[in-house]
$ cat input.txt   # compact mmCIF, N, CA, C and O atoms
# COMPACT_ATOMS: atom_id res chain seq x y z
N MET A 1 -3.20 10.40 21.19
CA MET A 1 -3.14 11.76 20.69
C MET A 1 -4.12 12.60 21.51
O MET A 1 -5.28 12.24 21.66
N LYS A 2 -3.63 13.73 22.01
CA LYS A 2 -4.46 14.60 22.83
C LYS A 2 -5.57 15.24 22.01
O LYS A 2 -5.43 15.44 20.82
N LYS A 3 -6.66 15.60 22.69
CA LYS A 3 -7.83 16.14 21.99
C LYS A 3 -7.54 17.45 21.30
O LYS A 3 -8.13 17.75 20.26
N GLU A 4 -6.65 18.28 21.85
CA GLU A 4 -6.36 19.57 21.20
C GLU A 4 -5.58 19.39 19.89
O GLU A 4 -5.46 20.31 19.10
N TYR A 5 -5.06 18.17 19.65
CA TYR A 5 -4.35 17.88 18.41
C TYR A 5 -5.26 17.26 17.35
O TYR A 5 -4.79 16.81 16.32
N ARG A 6 -6.57 17.21 17.61
CA ARG A 6 -7.50 16.59 16.66
C ARG A 6 -8.34 17.65 15.97
O ARG A 6 -8.69 18.67 16.54
N ILE A 7 -8.69 17.36 14.72
CA ILE A 7 -9.62 18.20 13.97
C ILE A 7 -10.93 17.43 13.92
O ILE A 7 -10.98 16.30 13.46
N LYS A 8 -12.00 18.04 14.42
CA LYS A 8 -13.28 17.36 14.50
C LYS A 8 -14.36 18.03 13.65
O LYS A 8 -15.25 17.37 13.14
N LYS A 9 -14.29 19.35 13.50
CA LYS A 9 -15.38 20.09 12.86
C LYS A 9 -15.32 19.97 11.34
O LYS A 9 -14.26 20.04 10.74
N ASN A 10 -16.49 19.81 10.75
CA ASN A 10 -16.61 19.68 9.30
C ASN A 10 -16.05 20.91 8.59
O ASN A 10 -15.43 20.79 7.54
N GLU A 11 -16.27 22.11 9.16
CA GLU A 11 -15.77 23.34 8.54
C GLU A 11 -14.24 23.30 8.42
O GLU A 11 -13.69 23.76 7.42
N ASP A 12 -13.56 22.80 9.45
CA ASP A 12 -12.11 22.69 9.42
C ASP A 12 -11.66 21.70 8.34
O ASP A 12 -10.70 21.96 7.61
N PHE A 13 -12.34 20.55 8.26
CA PHE A 13 -12.02 19.57 7.22
C PHE A 13 -12.16 20.21 5.84
O PHE A 13 -11.27 20.11 5.01
N GLN A 14 -13.30 20.88 5.61
CA GLN A 14 -13.56 21.47 4.29
C GLN A 14 -12.57 22.58 3.95
O GLN A 14 -12.14 22.70 2.81
N ARG A 15 -12.19 23.39 4.94
CA ARG A 15 -11.24 24.48 4.72
C ARG A 15 -9.89 23.93 4.26
O ARG A 15 -9.29 24.45 3.31
N ILE A 16 -9.43 22.88 4.91
CA ILE A 16 -8.12 22.30 4.58
C ILE A 16 -8.18 21.60 3.21
O ILE A 16 -7.27 21.74 2.39
N ILE A 17 -9.25 20.88 2.95
CA ILE A 17 -9.38 20.15 1.69
C ILE A 17 -9.52 21.13 0.52
O ILE A 17 -9.00 20.90 -0.57
N LYS A 18 -10.19 22.27 0.75
CA LYS A 18 -10.39 23.26 -0.31
C LYS A 18 -9.08 23.88 -0.79
O LYS A 18 -8.98 24.33 -1.93
N LYS A 19 -8.06 23.90 0.05
CA LYS A 19 -6.75 24.45 -0.33
C LYS A 19 -6.08 23.60 -1.41
O LYS A 19 -5.17 24.04 -2.09
N LYS A 20 -6.50 22.33 -1.53
CA LYS A 20 -6.02 21.40 -2.55
C LYS A 20 -4.52 21.13 -2.49
O LYS A 20 -3.89 20.87 -3.51
N LYS A 21 -3.95 21.20 -1.31
CA LYS A 21 -2.55 20.77 -1.13
C LYS A 21 -2.61 19.35 -0.60
O LYS A 21 -3.01 19.13 0.55
N SER A 22 -2.21 18.38 -1.42
CA SER A 22 -2.33 17.00 -0.99
C SER A 22 -1.22 16.13 -1.56
O SER A 22 -0.59 16.48 -2.55
N VAL A 23 -1.00 15.02 -0.88
CA VAL A 23 -0.12 13.96 -1.36
C VAL A 23 -0.88 12.65 -1.13
O VAL A 23 -1.73 12.56 -0.25
N SER A 24 -0.56 11.63 -1.95
CA SER A 24 -1.28 10.38 -1.78
C SER A 24 -0.43 9.20 -2.23
O SER A 24 0.56 9.36 -2.93
N ASN A 25 -0.85 8.04 -1.78
CA ASN A 25 -0.28 6.77 -2.23
C ASN A 25 -1.40 5.73 -2.17
O ASN A 25 -2.57 6.10 -2.11
N GLN A 26 -1.05 4.46 -2.15
CA GLN A 26 -2.06 3.40 -2.21
C GLN A 26 -2.94 3.35 -0.97
O GLN A 26 -4.10 2.99 -1.05
N CYS A 27 -2.37 3.69 0.19
CA CYS A 27 -3.09 3.52 1.45
C CYS A 27 -3.72 4.79 2.00
O CYS A 27 -4.70 4.72 2.74
N PHE A 28 -3.15 5.94 1.69
CA PHE A 28 -3.61 7.19 2.30
C PHE A 28 -3.69 8.32 1.28
O PHE A 28 -2.98 8.33 0.29
N VAL A 29 -4.54 9.30 1.60
CA VAL A 29 -4.52 10.61 0.96
C VAL A 29 -4.34 11.59 2.11
O VAL A 29 -5.05 11.50 3.12
N MET A 30 -3.37 12.49 2.00
CA MET A 30 -3.13 13.47 3.06
C MET A 30 -3.25 14.88 2.51
O MET A 30 -2.57 15.23 1.56
N TYR A 31 -4.13 15.66 3.13
CA TYR A 31 -4.23 17.09 2.83
C TYR A 31 -3.51 17.82 3.96
O TYR A 31 -3.53 17.37 5.11
N TYR A 32 -2.91 18.94 3.63
CA TYR A 32 -2.17 19.68 4.66
C TYR A 32 -2.31 21.18 4.45
O TYR A 32 -2.60 21.65 3.35
N ASP A 33 -2.13 21.92 5.54
CA ASP A 33 -2.19 23.38 5.51
C ASP A 33 -1.44 23.90 6.73
O ASP A 33 -1.42 23.23 7.77
N GLU A 34 -0.87 25.06 6.62
CA GLU A 34 -0.16 25.66 7.75
C GLU A 34 -1.15 26.32 8.71
O GLU A 34 -2.19 26.81 8.29
N ASN A 35 -0.80 26.34 10.00
CA ASN A 35 -1.57 27.10 10.99
C ASN A 35 -0.61 27.80 11.93
O ASN A 35 0.60 27.61 11.86
N GLU A 36 -1.13 28.62 12.82
CA GLU A 36 -0.28 29.44 13.70
C GLU A 36 0.19 28.69 14.94
O GLU A 36 1.23 29.01 15.51
N SER A 37 -0.59 27.73 15.38
CA SER A 37 -0.26 27.07 16.65
C SER A 37 0.40 25.70 16.44
O SER A 37 1.28 25.56 15.61
N HIS A 38 -0.04 24.71 17.14
CA HIS A 38 0.55 23.36 17.09
C HIS A 38 -0.11 22.51 16.01
O HIS A 38 -1.08 22.91 15.37
N MET A 39 0.42 21.31 15.83
CA MET A 39 -0.09 20.37 14.85
C MET A 39 -1.50 19.91 15.23
O MET A 39 -1.81 19.72 16.40
N ARG A 40 -2.36 19.76 14.22
CA ARG A 40 -3.69 19.17 14.41
C ARG A 40 -3.91 18.16 13.29
O ARG A 40 -3.49 18.38 12.16
N VAL A 41 -4.60 17.05 13.62
CA VAL A 41 -4.82 15.99 12.64
C VAL A 41 -6.28 15.56 12.66
O VAL A 41 -6.86 15.39 13.73
N GLY A 42 -6.84 15.39 11.46
CA GLY A 42 -8.17 14.81 11.31
C GLY A 42 -8.05 13.51 10.54
O GLY A 42 -7.32 13.43 9.56
N ILE A 43 -8.76 12.49 10.99
CA ILE A 43 -8.70 11.17 10.35
C ILE A 43 -10.07 10.84 9.79
O ILE A 43 -11.07 10.95 10.49
N SER A 44 -10.10 10.43 8.53
CA SER A 44 -11.36 10.07 7.88
C SER A 44 -11.27 8.64 7.36
O SER A 44 -10.35 8.30 6.61
N VAL A 45 -12.23 7.81 7.78
CA VAL A 45 -12.29 6.42 7.34
C VAL A 45 -13.69 6.18 6.76
O VAL A 45 -14.68 6.35 7.45
N SER A 46 -13.75 5.78 5.51
CA SER A 46 -15.02 5.58 4.81
C SER A 46 -15.76 4.35 5.31
O SER A 46 -15.15 3.39 5.79
N LYS A 47 -17.07 4.36 5.15
CA LYS A 47 -17.88 3.20 5.51
C LYS A 47 -17.58 2.01 4.59
O LYS A 47 -17.91 0.88 4.91
N LYS A 48 -16.97 2.27 3.45
CA LYS A 48 -16.61 1.20 2.52
C LYS A 48 -15.55 0.27 3.10
O LYS A 48 -15.39 -0.85 2.63
N LEU A 49 -14.81 0.73 4.11
CA LEU A 49 -13.76 -0.08 4.71
C LEU A 49 -14.31 -1.16 5.63
O LEU A 49 -13.61 -2.13 5.92
N GLY A 50 -15.51 -1.02 6.13
CA GLY A 50 -16.07 -2.05 7.00
C GLY A 50 -17.05 -1.48 8.00
O GLY A 50 -17.44 -0.31 7.92
N ASN A 51 -17.40 -2.32 8.97
CA ASN A 51 -18.35 -1.87 9.99
C ASN A 51 -17.67 -0.95 11.00
O ASN A 51 -16.48 -0.67 10.90
N ALA A 52 -18.42 -0.49 11.98
CA ALA A 52 -17.92 0.49 12.95
C ALA A 52 -16.71 -0.03 13.72
O ALA A 52 -15.77 0.72 14.00
N VAL A 53 -16.72 -1.31 14.05
CA VAL A 53 -15.61 -1.90 14.80
C VAL A 53 -14.32 -1.81 13.98
O VAL A 53 -13.27 -1.40 14.48
N THR A 54 -14.40 -2.17 12.72
CA THR A 54 -13.23 -2.12 11.83
C THR A 54 -12.74 -0.70 11.65
O THR A 54 -11.54 -0.43 11.71
N ARG A 55 -13.66 0.24 11.41
CA ARG A 55 -13.28 1.64 11.20
C ARG A 55 -12.62 2.23 12.44
O ARG A 55 -11.63 2.95 12.34
N ASN A 56 -13.14 1.91 13.62
CA ASN A 56 -12.53 2.41 14.86
C ASN A 56 -11.15 1.82 15.08
O ASN A 56 -10.24 2.51 15.55
N LYS A 57 -10.97 0.55 14.74
CA LYS A 57 -9.66 -0.08 14.84
C LYS A 57 -8.66 0.62 13.93
O LYS A 57 -7.53 0.90 14.33
N VAL A 58 -9.09 0.90 12.70
CA VAL A 58 -8.22 1.59 11.74
C VAL A 58 -7.85 2.97 12.27
O VAL A 58 -6.68 3.37 12.21
N LYS A 59 -8.82 3.70 12.83
CA LYS A 59 -8.53 5.04 13.37
C LYS A 59 -7.54 4.97 14.54
O LYS A 59 -6.64 5.81 14.63
N ARG A 60 -7.69 3.98 15.40
CA ARG A 60 -6.74 3.81 16.51
C ARG A 60 -5.34 3.55 15.99
O ARG A 60 -4.35 4.13 16.48
N GLN A 61 -5.23 2.67 14.99
CA GLN A 61 -3.92 2.36 14.42
C GLN A 61 -3.29 3.60 13.78
O GLN A 61 -2.11 3.87 13.97
N VAL A 62 -4.09 4.35 13.03
CA VAL A 62 -3.57 5.55 12.36
C VAL A 62 -3.13 6.57 13.40
O VAL A 62 -2.09 7.22 13.23
N ARG A 63 -3.89 6.71 14.49
CA ARG A 63 -3.47 7.64 15.55
C ARG A 63 -2.12 7.26 16.14
O ARG A 63 -1.27 8.12 16.40
N MET A 64 -1.89 5.95 16.32
CA MET A 64 -0.60 5.49 16.84
C MET A 64 0.52 5.76 15.85
O MET A 64 1.62 6.17 16.23
N MET A 65 0.24 5.57 14.56
CA MET A 65 1.24 5.86 13.53
C MET A 65 1.58 7.35 13.53
O MET A 65 2.75 7.72 13.41
N ILE A 66 0.58 8.18 13.66
CA ILE A 66 0.79 9.62 13.66
C ILE A 66 1.65 10.02 14.86
O ILE A 66 2.54 10.86 14.74
N LYS A 67 1.39 9.41 16.00
CA LYS A 67 2.19 9.69 17.20
C LYS A 67 3.67 9.37 16.97
O LYS A 67 4.55 10.09 17.42
N GLU A 68 3.94 8.27 16.25
CA GLU A 68 5.31 7.85 15.98
C GLU A 68 6.00 8.74 14.96
O GLU A 68 7.18 9.03 15.08
N VAL A 69 5.26 9.16 13.92
CA VAL A 69 5.87 9.79 12.76
C VAL A 69 5.88 11.31 12.83
O VAL A 69 6.90 11.95 12.54
N PHE A 70 4.78 11.94 13.20
CA PHE A 70 4.61 13.39 13.07
C PHE A 70 5.31 14.16 14.19
O PHE A 70 5.44 13.68 15.31
N ASP A 71 5.70 15.40 13.85
CA ASP A 71 6.30 16.32 14.82
C ASP A 71 5.19 17.23 15.34
O ASP A 71 4.64 18.04 14.60
N GLU A 72 4.89 17.12 16.64
CA GLU A 72 3.76 17.86 17.23
C GLU A 72 4.00 19.36 17.35
O GLU A 72 3.07 20.13 17.46
N LYS A 73 5.26 19.78 17.31
CA LYS A 73 5.56 21.19 17.49
C LYS A 73 5.38 22.00 16.21
O LYS A 73 5.32 23.22 16.24
N LYS A 74 5.31 21.32 15.09
CA LYS A 74 5.15 21.98 13.80
C LYS A 74 3.73 22.54 13.67
O LYS A 74 2.77 21.83 13.96
N GLY A 75 3.61 23.77 13.22
CA GLY A 75 2.30 24.39 13.07
C GLY A 75 1.62 23.99 11.77
O GLY A 75 1.61 24.76 10.82
N MET A 76 1.06 22.80 11.72
CA MET A 76 0.43 22.29 10.50
C MET A 76 -0.89 21.60 10.85
O MET A 76 -1.04 21.04 11.93
N ASP A 77 -1.82 21.66 9.90
CA ASP A 77 -3.06 20.88 9.98
C ASP A 77 -2.98 19.78 8.92
O ASP A 77 -2.55 20.03 7.80
N TYR A 78 -3.38 18.57 9.30
CA TYR A 78 -3.36 17.44 8.37
C TYR A 78 -4.72 16.76 8.38
O TYR A 78 -5.34 16.61 9.43
N ILE A 79 -5.16 16.33 7.21
CA ILE A 79 -6.32 15.46 7.09
C ILE A 79 -5.81 14.16 6.48
O ILE A 79 -5.22 14.17 5.40
N VAL A 80 -6.01 13.05 7.18
CA VAL A 80 -5.57 11.74 6.69
C VAL A 80 -6.81 10.95 6.29
O VAL A 80 -7.66 10.67 7.13
N ILE A 81 -6.92 10.63 5.01
CA ILE A 81 -8.03 9.83 4.51
C ILE A 81 -7.48 8.44 4.21
O ILE A 81 -6.51 8.30 3.48
N VAL A 82 -8.11 7.43 4.80
CA VAL A 82 -7.64 6.05 4.67
C VAL A 82 -8.33 5.40 3.48
O VAL A 82 -9.55 5.47 3.34
N ARG A 83 -7.55 4.74 2.62
CA ARG A 83 -8.07 4.06 1.44
C ARG A 83 -8.25 2.57 1.69
O ARG A 83 -7.72 2.02 2.67
N ASN A 84 -8.96 1.89 0.79
CA ASN A 84 -9.26 0.45 0.92
C ASN A 84 -8.01 -0.41 1.03
O ASN A 84 -8.01 -1.42 1.73
N LYS A 85 -6.95 -0.06 0.34
CA LYS A 85 -5.71 -0.85 0.32
C LYS A 85 -5.11 -0.99 1.72
O LYS A 85 -4.38 -1.94 1.99
N TYR A 86 -5.45 -0.07 2.63
CA TYR A 86 -4.94 -0.09 4.00
C TYR A 86 -5.18 -1.45 4.66
O TYR A 86 -4.31 -1.99 5.34
N LEU A 87 -6.36 -2.02 4.47
CA LEU A 87 -6.73 -3.26 5.15
C LEU A 87 -5.93 -4.47 4.68
O LEU A 87 -5.72 -5.41 5.44
N SER A 88 -5.44 -4.44 3.45
CA SER A 88 -4.71 -5.60 2.92
C SER A 88 -3.22 -5.55 3.24
O SER A 88 -2.51 -6.51 2.98
N CYS A 89 -2.73 -4.44 3.81
CA CYS A 89 -1.31 -4.30 4.16
C CYS A 89 -1.11 -4.47 5.66
O CYS A 89 -2.03 -4.28 6.45
N SER A 90 0.11 -4.78 6.04
CA SER A 90 0.43 -4.93 7.46
C SER A 90 0.63 -3.56 8.12
O SER A 90 0.76 -2.55 7.43
N TYR A 91 0.68 -3.55 9.44
CA TYR A 91 0.87 -2.31 10.19
C TYR A 91 2.20 -1.65 9.80
O TYR A 91 2.26 -0.44 9.58
N LYS A 92 3.26 -2.45 9.67
CA LYS A 92 4.58 -1.91 9.31
C LYS A 92 4.57 -1.27 7.93
O LYS A 92 5.15 -0.21 7.73
N ASP A 93 3.93 -1.92 6.98
CA ASP A 93 3.84 -1.37 5.62
C ASP A 93 3.07 -0.06 5.62
O ASP A 93 3.46 0.91 4.97
N ASN A 94 1.95 -0.04 6.35
CA ASN A 94 1.16 1.19 6.43
C ASN A 94 1.93 2.31 7.11
O ASN A 94 1.83 3.47 6.71
N LEU A 95 2.73 1.96 8.11
CA LEU A 95 3.55 2.95 8.80
C LEU A 95 4.58 3.55 7.83
O LEU A 95 4.80 4.76 7.81
N LYS A 96 5.20 2.70 7.01
CA LYS A 96 6.15 3.17 6.01
C LYS A 96 5.48 4.12 5.02
O LYS A 96 6.05 5.14 4.64
N GLU A 97 4.28 3.75 4.58
CA GLU A 97 3.54 4.57 3.62
C GLU A 97 3.22 5.95 4.21
O GLU A 97 3.39 6.97 3.55
N LEU A 98 2.77 5.98 5.47
CA LEU A 98 2.45 7.26 6.12
C LEU A 98 3.71 8.09 6.32
O LEU A 98 3.71 9.31 6.09
N ASN A 99 4.79 7.44 6.70
CA ASN A 99 6.07 8.13 6.89
C ASN A 99 6.55 8.74 5.57
O ASN A 99 7.05 9.87 5.55
N TYR A 100 6.39 8.00 4.49
CA TYR A 100 6.78 8.48 3.16
C TYR A 100 6.01 9.76 2.81
O TYR A 100 6.59 10.75 2.34
N LEU A 101 4.71 9.75 3.05
CA LEU A 101 3.89 10.94 2.74
C LEU A 101 4.26 12.12 3.61
O LEU A 101 4.33 13.27 3.13
N TYR A 102 4.54 11.87 4.88
CA TYR A 102 4.93 12.95 5.80
C TYR A 102 6.25 13.58 5.34
O TYR A 102 6.39 14.80 5.33
N ASP A 103 7.21 12.74 4.96
CA ASP A 103 8.49 13.25 4.45
C ASP A 103 8.30 14.05 3.16
O ASP A 103 8.94 15.09 2.96
N LYS A 104 7.40 13.59 2.31
CA LYS A 104 7.12 14.29 1.05
C LYS A 104 6.54 15.68 1.32
O LYS A 104 6.92 16.66 0.68
N ILE A 105 5.65 15.77 2.30
CA ILE A 105 5.07 17.07 2.68
C ILE A 105 6.15 17.99 3.22
O ILE A 105 6.22 19.18 2.87
N ASN A 106 7.03 17.46 4.07
CA ASN A 106 8.11 18.28 4.65
C ASN A 106 9.03 18.82 3.56
O ASN A 106 9.49 19.97 3.63
N LYS A 107 9.34 18.00 2.56
CA LYS A 107 10.19 18.46 1.46
C LYS A 107 9.50 19.58 0.67
O LYS A 107 10.15 20.55 0.27
N ARG A 108 8.20 19.46 0.46
CA ARG A 108 7.46 20.50 -0.24
C ARG A 108 7.43 21.80 0.55
O ARG A 108 7.49 22.89 -0.02
N MET A 109 7.32 21.69 1.86
CA MET A 109 7.22 22.89 2.70
C MET A 109 8.55 23.62 2.80
O MET A 109 8.60 24.82 3.06
N GLU A 110 9.66 22.90 2.60
CA GLU A 110 10.99 23.53 2.65
C GLU A 110 11.25 24.42 1.45
O GLU A 110 12.01 25.37 1.51
N LYS A 111 10.62 24.11 0.32
CA LYS A 111 10.85 24.87 -0.91
C LYS A 111 10.30 26.27 -0.84
O LYS A 111 9.42 26.65 -0.21
$ encode --input "input.txt" --output "structure tokens"
Amino acid sequence: MKKEYRIKKNEDFQRIIKKKKSVSNQCFVMYYDENESHMRVGISVSKKLGNAVTRNKVKRQVRMMIKEVFDEKKGMDYIVIVRNKYLSCSYKDNLKELNYLYDKINKRMEK
């Protein structure tokens, strides 16, 4: 995922989370908000999930899932928060869960 598609600043995270538009399941919590330009994604992995090596591995996997599932041309900001259940599921299961949440957001935005 290119750097211009990432959300890094705490102010951006807080602004999107404050809007309180979210969907969740066992593995992820996703906050979303519209923006004027291209898609941007922020990934948050808690220290409760493991040491730095584990958290970085999880972030790499989530970035790959986002590349597969999300539409980069859509003007949306997303915050993906990874839950503890993520570690006990396989990559395919986690991909299905993320895809389900993305579809749920798209259905909400169509209304």
$ closest_atom_pairs --input "input.txt" --of "stretch 86-108 of chain A" --to "stretch 64-78 of chain A" --cutoff "9 Å" --atoms "only C-alpha atoms" --output "JSON lines"
{"residue": "A:Tyr91", "atom": "CA", "partner": "A:Met65", "partner_atom": "CA", "distance": 8.8}
{"residue": "A:Asn94", "atom": "CA", "partner": "A:Met65", "partner_atom": "CA", "distance": 8.5}
{"residue": "A:Leu95", "atom": "CA", "partner": "A:Met65", "partner_atom": "CA", "distance": 6.0}
{"residue": "A:Leu98", "atom": "CA", "partner": "A:Met65", "partner_atom": "CA", "distance": 7.6}
{"residue": "A:Asn99", "atom": "CA", "partner": "A:Val69", "partner_atom": "CA", "distance": 6.1}
{"residue": "A:Tyr102", "atom": "CA", "partner": "A:Phe70", "partner_atom": "CA", "distance": 7.3}
$ write_last_selection --input "input.txt" --atoms "N, CA, C and O atoms" --output "short mmCIF file (atom, residue, chain, number, x, y, z; two decimals), in the frame of the given file"
data_model
loop_
_atom_site.label_atom_id
_atom_site.label_comp_id
_atom_site.auth_asym_id
_atom_site.auth_seq_id
_atom_site.Cartn_x
_atom_site.Cartn_y
_atom_site.Cartn_z
N TYR A 91 0.68 -3.55 9.44
CA TYR A 91 0.87 -2.31 10.19
C TYR A 91 2.20 -1.65 9.80
O TYR A 91 2.26 -0.44 9.58
N ASN A 94 1.95 -0.04 6.35
CA ASN A 94 1.16 1.19 6.43
C ASN A 94 1.93 2.31 7.11
O ASN A 94 1.83 3.47 6.71
N LEU A 95 2.73 1.96 8.11
CA LEU A 95 3.55 2.95 8.80
C LEU A 95 4.58 3.55 7.83
O LEU A 95 4.80 4.76 7.81
N LEU A 98 2.77 5.98 5.47
CA LEU A 98 2.45 7.26 6.12
C LEU A 98 3.71 8.09 6.32
O LEU A 98 3.71 9.31 6.09
N ASN A 99 4.79 7.44 6.70
CA ASN A 99 6.07 8.13 6.89
C ASN A 99 6.55 8.74 5.57
O ASN A 99 7.05 9.87 5.55
N TYR A 102 4.54 11.87 4.88
CA TYR A 102 4.93 12.95 5.80
C TYR A 102 6.25 13.58 5.34
O TYR A 102 6.39 14.80 5.33
#
$ atom_distance --input "input.txt" --atom1 "atom CA of A:Phe28" --atom2 "atom O of A:Glu11"
20.1 Å
$ residues_around --input "input.txt" --residues "A:Phe13" --least-positions-apart "3" --cutoff "8 Å" --atoms "only N, CA, C and O atoms" --output "PyMOL selection string"
chain A and resi 7-10+16-19+31+42+78-79
$ write_last_selection --input "input.txt" --atoms "N, CA, C and O atoms" --output "short mmCIF file (atom, residue, chain, number, x, y, z; two decimals), in the coordinates of the input"
data_model
loop_
_atom_site.label_atom_id
_atom_site.label_comp_id
_atom_site.auth_asym_id
_atom_site.auth_seq_id
_atom_site.Cartn_x
_atom_site.Cartn_y
_atom_site.Cartn_z
N ILE A 7 -8.69 17.36 14.72
CA ILE A 7 -9.62 18.20 13.97
C ILE A 7 -10.93 17.43 13.92
O ILE A 7 -10.98 16.30 13.46
N LYS A 8 -12.00 18.04 14.42
CA LYS A 8 -13.28 17.36 14.50
C LYS A 8 -14.36 18.03 13.65
O LYS A 8 -15.25 17.37 13.14
N LYS A 9 -14.29 19.35 13.50
CA LYS A 9 -15.38 20.09 12.86
C LYS A 9 -15.32 19.97 11.34
O LYS A 9 -14.26 20.04 10.74
N ASN A 10 -16.49 19.81 10.75
CA ASN A 10 -16.61 19.68 9.30
C ASN A 10 -16.05 20.91 8.59
O ASN A 10 -15.43 20.79 7.54
N ILE A 16 -9.43 22.88 4.91
CA ILE A 16 -8.12 22.30 4.58
C ILE A 16 -8.18 21.60 3.21
O ILE A 16 -7.27 21.74 2.39
N ILE A 17 -9.25 20.88 2.95
CA ILE A 17 -9.38 20.15 1.69
C ILE A 17 -9.52 21.13 0.52
O ILE A 17 -9.00 20.90 -0.57
N LYS A 18 -10.19 22.27 0.75
CA LYS A 18 -10.39 23.26 -0.31
C LYS A 18 -9.08 23.88 -0.79
O LYS A 18 -8.98 24.33 -1.93
N LYS A 19 -8.06 23.90 0.05
CA LYS A 19 -6.75 24.45 -0.33
C LYS A 19 -6.08 23.60 -1.41
O LYS A 19 -5.17 24.04 -2.09
N TYR A 31 -4.13 15.66 3.13
CA TYR A 31 -4.23 17.09 2.83
C TYR A 31 -3.51 17.82 3.96
O TYR A 31 -3.53 17.37 5.11
N GLY A 42 -6.84 15.39 11.46
CA GLY A 42 -8.17 14.81 11.31
C GLY A 42 -8.05 13.51 10.54
O GLY A 42 -7.32 13.43 9.56
N TYR A 78 -3.38 18.57 9.30
CA TYR A 78 -3.36 17.44 8.37
C TYR A 78 -4.72 16.76 8.38
O TYR A 78 -5.34 16.61 9.43
N ILE A 79 -5.16 16.33 7.21
CA ILE A 79 -6.32 15.46 7.09
C ILE A 79 -5.81 14.16 6.48
O ILE A 79 -5.22 14.17 5.40
#
$ atom_distance --input "input.txt" --atom1 "atom C of A:Val82" --atom2 "atom N of A:Gln14"
16.4 Å
$ atom_distance --input "input.txt" --atom1 "atom N of A:Val23" --atom2 "atom N of A:Arg83"
12.7 Å
$ axis_aligned_box --input "input.txt" --around "stretch 80-90 of chain A" --padding-each-side "6 Å" --output "JSON"
{"center_x": -4.4, "center_y": 3.3, "center_z": 4.2, "size_x": 22.3, "size_y": 31.6, "size_z": 19.8}
$ closest_residue --input "input.txt" --among "A:Ser44, A:Asn106, A:Ser37, A:Gln26" --to "A:Val58" --atoms "only C-alpha atoms"
A:Ser44
$ closest_residue --input "input.txt" --among "A:Leu87, A:Val29, A:Leu101, A:Met1" --to "A:Lys48" --atoms "only C-alpha atoms"
A:Leu87
$ closest_residue --input "input.txt" --among "A:His38, A:Lys92, A:Lys47, A:Arg6" --to "A:Val80" --atoms "only C-alpha atoms"
A:Arg6
$ decode --input "input.txt" --residues "stretch 90-103 of chain A" --atoms "N, CA and C atoms" --output "PDB file, in the first residue's frame"
ATOM      1  N   SER A  90      -7.413 -18.166  10.668  1.00  0.00           N
ATOM      2  CA  SER A  90      -6.483 -18.255   9.541  1.00  0.00           C
ATOM      3  C   SER A  90      -6.565 -16.988   8.679  1.00  0.00           C
ATOM      4  N   TYR A  91      -5.607 -16.841   7.774  1.00  0.00           N
ATOM      5  CA  TYR A  91      -5.569 -15.679   6.885  1.00  0.00           C
ATOM      6  C   TYR A  91      -6.843 -15.609   6.040  1.00  0.00           C
ATOM      7  N   LYS A  92      -7.288 -16.750   5.519  1.00  0.00           N
ATOM      8  CA  LYS A  92      -8.497 -16.791   4.683  1.00  0.00           C
ATOM      9  C   LYS A  92      -9.737 -16.355   5.461  1.00  0.00           C
ATOM     10  N   ASP A  93      -9.857 -16.833   6.689  1.00  0.00           N
ATOM     11  CA  ASP A  93     -11.002 -16.449   7.525  1.00  0.00           C
ATOM     12  C   ASP A  93     -10.983 -14.954   7.815  1.00  0.00           C
ATOM     13  N   ASN A  94      -9.801 -14.438   8.142  1.00  0.00           N
ATOM     14  CA  ASN A  94      -9.678 -13.006   8.412  1.00  0.00           C
ATOM     15  C   ASN A  94      -9.992 -12.180   7.175  1.00  0.00           C
ATOM     16  N   LEU A  95      -9.586 -12.679   6.008  1.00  0.00           N
ATOM     17  CA  LEU A  95      -9.879 -11.985   4.754  1.00  0.00           C
ATOM     18  C   LEU A  95     -11.388 -11.931   4.516  1.00  0.00           C
ATOM     19  N   LYS A  96     -12.081 -13.038   4.781  1.00  0.00           N
ATOM     20  CA  LYS A  96     -13.536 -13.069   4.643  1.00  0.00           C
ATOM     21  C   LYS A  96     -14.199 -12.068   5.587  1.00  0.00           C
ATOM     22  N   GLU A  97     -13.704 -12.015   6.825  1.00  0.00           N
ATOM     23  CA  GLU A  97     -14.266 -11.094   7.818  1.00  0.00           C
ATOM     24  C   GLU A  97     -14.093  -9.641   7.379  1.00  0.00           C
ATOM     25  N   LEU A  98     -12.906  -9.296   6.871  1.00  0.00           N
ATOM     26  CA  LEU A  98     -12.649  -7.926   6.409  1.00  0.00           C
ATOM     27  C   LEU A  98     -13.504  -7.597   5.194  1.00  0.00           C
ATOM     28  N   ASN A  99     -13.629  -8.553   4.293  1.00  0.00           N
ATOM     29  CA  ASN A  99     -14.456  -8.368   3.097  1.00  0.00           C
ATOM     30  C   ASN A  99     -15.918  -8.135   3.483  1.00  0.00           C
ATOM     31  N   TYR A 100     -16.392  -8.890   4.466  1.00  0.00           N
ATOM     32  CA  TYR A 100     -17.769  -8.743   4.949  1.00  0.00           C
ATOM     33  C   TYR A 100     -18.003  -7.323   5.477  1.00  0.00           C
ATOM     34  N   LEU A 101     -17.068  -6.817   6.267  1.00  0.00           N
ATOM     35  CA  LEU A 101     -17.212  -5.460   6.820  1.00  0.00           C
ATOM     36  C   LEU A 101     -17.167  -4.403   5.727  1.00  0.00           C
ATOM     37  N   TYR A 102     -16.293  -4.596   4.743  1.00  0.00           N
ATOM     38  CA  TYR A 102     -16.190  -3.636   3.638  1.00  0.00           C
ATOM     39  C   TYR A 102     -17.500  -3.596   2.844  1.00  0.00           C
ATOM     40  N   ASP A 103     -18.072  -4.768   2.574  1.00  0.00           N
ATOM     41  CA  ASP A 103     -19.358  -4.828   1.869  1.00  0.00           C
ATOM     42  C   ASP A 103     -20.465  -4.167   2.686  1.00  0.00           C
TER      43      ASP A 103
END
